[in-house]
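Participant: Below is a structure I'd like to ask you about.
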Amino acid sequence: MDTKKYKRLTLNERVIIQTLLEENKAKSFIAKRLKRSRSTIYR
């Protein structure tokens with residue numbers, strides 16, 4: 001059986017993403033800070 005390699009963003013991560021986007025930070029910067037894929041931030 002395959003195991004999931006993806007997990008959902010927590011509420012805390014979503015708040016951080018929203019805050020950093022409002023500060024006009026780059027999506028790649030946010031991804032590195034949260035240790036998430038850049039495509040996750042774009043979605």
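Ordering of the structure tokens sets the chain letters (A, B, ...), residue numbers begin anew at 1 in every chain, and ligands are numbered from 1 in the order given.
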At a cut-off of 10 Å, using only C-alpha atoms, what residues contact range 5-17 of chain A? Leave out same-chain residues fewer than 3 positions from it and give the result as a list of chain:residue names.

Facilitator: A:Asp2, A:Leu20, A:Leu21, A:Glu22, A:Glu23, A:Lys25, A:Lys27, A:Ile30, A:Ala31, A:Arg33, A:Leu34, A:Arg36, A:Thr40, A:Ile41

Participant: The selected residues should be written to file as a compact mmCIF listing (two decimals), in the first residue's frame (atoms: all heavy atoms).

Facilitator:
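Saved file part-v2.txt follows:
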# COMPACT_ATOMS: atom_id res chain seq x y z
N ASP A 2 0.42 2.25 -0.73
CA ASP A 2 1.14 3.51 -0.75
C ASP A 2 0.78 4.35 0.46
O ASP A 2 -0.36 4.33 0.91
CB ASP A 2 0.79 4.30 -2.02
CG ASP A 2 1.31 3.63 -3.27
OD1 ASP A 2 2.34 2.94 -3.19
OD2 ASP A 2 0.67 3.78 -4.33
N LEU A 20 2.31 36.86 5.23
CA LEU A 20 3.48 37.12 4.38
C LEU A 20 3.08 37.58 2.99
O LEU A 20 3.76 38.42 2.39
CB LEU A 20 4.38 35.88 4.33
CG LEU A 20 5.07 35.52 5.65
CD1 LEU A 20 5.82 34.20 5.52
CD2 LEU A 20 6.01 36.63 6.09
N LEU A 21 1.99 37.05 2.46
CA LEU A 21 1.51 37.52 1.16
C LEU A 21 1.08 38.98 1.22
O LEU A 21 1.31 39.75 0.29
CB LEU A 21 0.36 36.64 0.66
CG LEU A 21 0.75 35.26 0.16
CD1 LEU A 21 -0.51 34.45 -0.16
CD2 LEU A 21 1.66 35.33 -1.05
N GLU A 22 0.45 39.35 2.33
CA GLU A 22 0.05 40.75 2.50
C GLU A 22 1.26 41.68 2.61
O GLU A 22 1.18 42.86 2.29
CB GLU A 22 -0.85 40.89 3.73
CG GLU A 22 -2.23 40.32 3.51
CD GLU A 22 -3.07 40.26 4.77
OE1 GLU A 22 -2.57 40.62 5.87
OE2 GLU A 22 -4.25 39.85 4.67
N GLU A 23 2.39 41.12 3.08
CA GLU A 23 3.64 41.90 3.16
C GLU A 23 4.41 41.84 1.85
O GLU A 23 5.57 42.26 1.79
CB GLU A 23 4.51 41.36 4.29
CG GLU A 23 3.91 41.57 5.68
CD GLU A 23 4.75 40.94 6.78
OE1 GLU A 23 5.85 40.39 6.49
OE2 GLU A 23 4.30 40.98 7.93
N LYS A 25 5.76 39.33 0.28
CA LYS A 25 6.91 38.43 0.26
C LYS A 25 6.75 37.46 -0.91
O LYS A 25 5.64 37.09 -1.28
CB LYS A 25 7.02 37.63 1.57
CG LYS A 25 7.21 38.50 2.79
CD LYS A 25 8.54 39.19 2.80
CE LYS A 25 8.74 39.97 4.08
NZ LYS A 25 9.92 40.78 4.08
N LYS A 27 6.58 34.07 -3.02
CA LYS A 27 6.03 32.75 -2.68
C LYS A 27 7.14 31.73 -2.43
O LYS A 27 7.00 30.85 -1.59
CB LYS A 27 5.08 32.29 -3.77
CG LYS A 27 3.81 33.12 -3.78
CD LYS A 27 2.90 32.75 -4.92
CE LYS A 27 1.65 33.59 -4.92
NZ LYS A 27 1.86 34.99 -5.28
N ILE A 30 8.26 32.20 1.15
CA ILE A 30 7.29 31.62 2.08
C ILE A 30 7.46 30.10 2.12
O ILE A 30 7.45 29.49 3.19
CB ILE A 30 5.86 32.01 1.68
CG1 ILE A 30 5.69 33.53 1.74
CG2 ILE A 30 4.84 31.32 2.56
CD1 ILE A 30 4.40 34.03 1.13
N ALA A 31 7.61 29.49 0.95
CA ALA A 31 7.77 28.04 0.87
C ALA A 31 8.99 27.57 1.64
O ALA A 31 8.94 26.59 2.39
CB ALA A 31 7.85 27.60 -0.58
N ARG A 33 10.49 29.14 4.09
CA ARG A 33 10.30 29.40 5.52
C ARG A 33 9.43 28.33 6.18
O ARG A 33 9.68 27.93 7.31
CB ARG A 33 9.68 30.77 5.69
CG ARG A 33 9.48 31.15 7.12
CD ARG A 33 9.27 32.61 7.29
NE ARG A 33 9.01 32.90 8.68
CZ ARG A 33 8.63 34.06 9.14
NH1 ARG A 33 8.52 35.07 8.31
NH2 ARG A 33 8.41 34.24 10.41
N LEU A 34 8.41 27.86 5.46
CA LEU A 34 7.50 26.85 6.01
C LEU A 34 7.95 25.43 5.70
O LEU A 34 7.30 24.48 6.11
CB LEU A 34 6.09 27.07 5.47
CG LEU A 34 5.39 28.34 5.89
CD1 LEU A 34 4.03 28.44 5.22
CD2 LEU A 34 5.24 28.41 7.40
N ARG A 36 7.80 23.94 2.81
CA ARG A 36 6.76 23.37 1.96
C ARG A 36 7.12 23.60 0.51
O ARG A 36 7.94 24.44 0.18
CB ARG A 36 5.41 24.05 2.23
CG ARG A 36 4.84 23.81 3.58
CD ARG A 36 4.31 22.42 3.69
NE ARG A 36 3.52 22.23 4.89
CZ ARG A 36 2.54 21.37 4.98
NH1 ARG A 36 2.22 20.62 3.96
NH2 ARG A 36 1.88 21.25 6.10
N THR A 40 2.57 24.38 -3.37
CA THR A 40 1.59 24.39 -2.28
C THR A 40 1.20 25.83 -1.94
O THR A 40 0.03 26.12 -1.73
CB THR A 40 2.16 23.71 -1.02
OG1 THR A 40 2.50 22.36 -1.35
CG2 THR A 40 1.17 23.71 0.12
N ILE A 41 2.17 26.71 -1.92
CA ILE A 41 1.91 28.11 -1.59
C ILE A 41 1.09 28.76 -2.71
O ILE A 41 0.17 29.53 -2.43
CB ILE A 41 3.22 28.89 -1.36
CG1 ILE A 41 4.13 28.17 -0.37
CG2 ILE A 41 2.94 30.31 -0.92
CD1 ILE A 41 3.52 27.89 0.98

Participant: Write out as a VMD selection string the set of residues from chain A that DSSP, computed on the backbone, places in helix (DSSP H, G or I).

Facilitator: chain A and resid 11 to 22 27 to 34 38 to 42
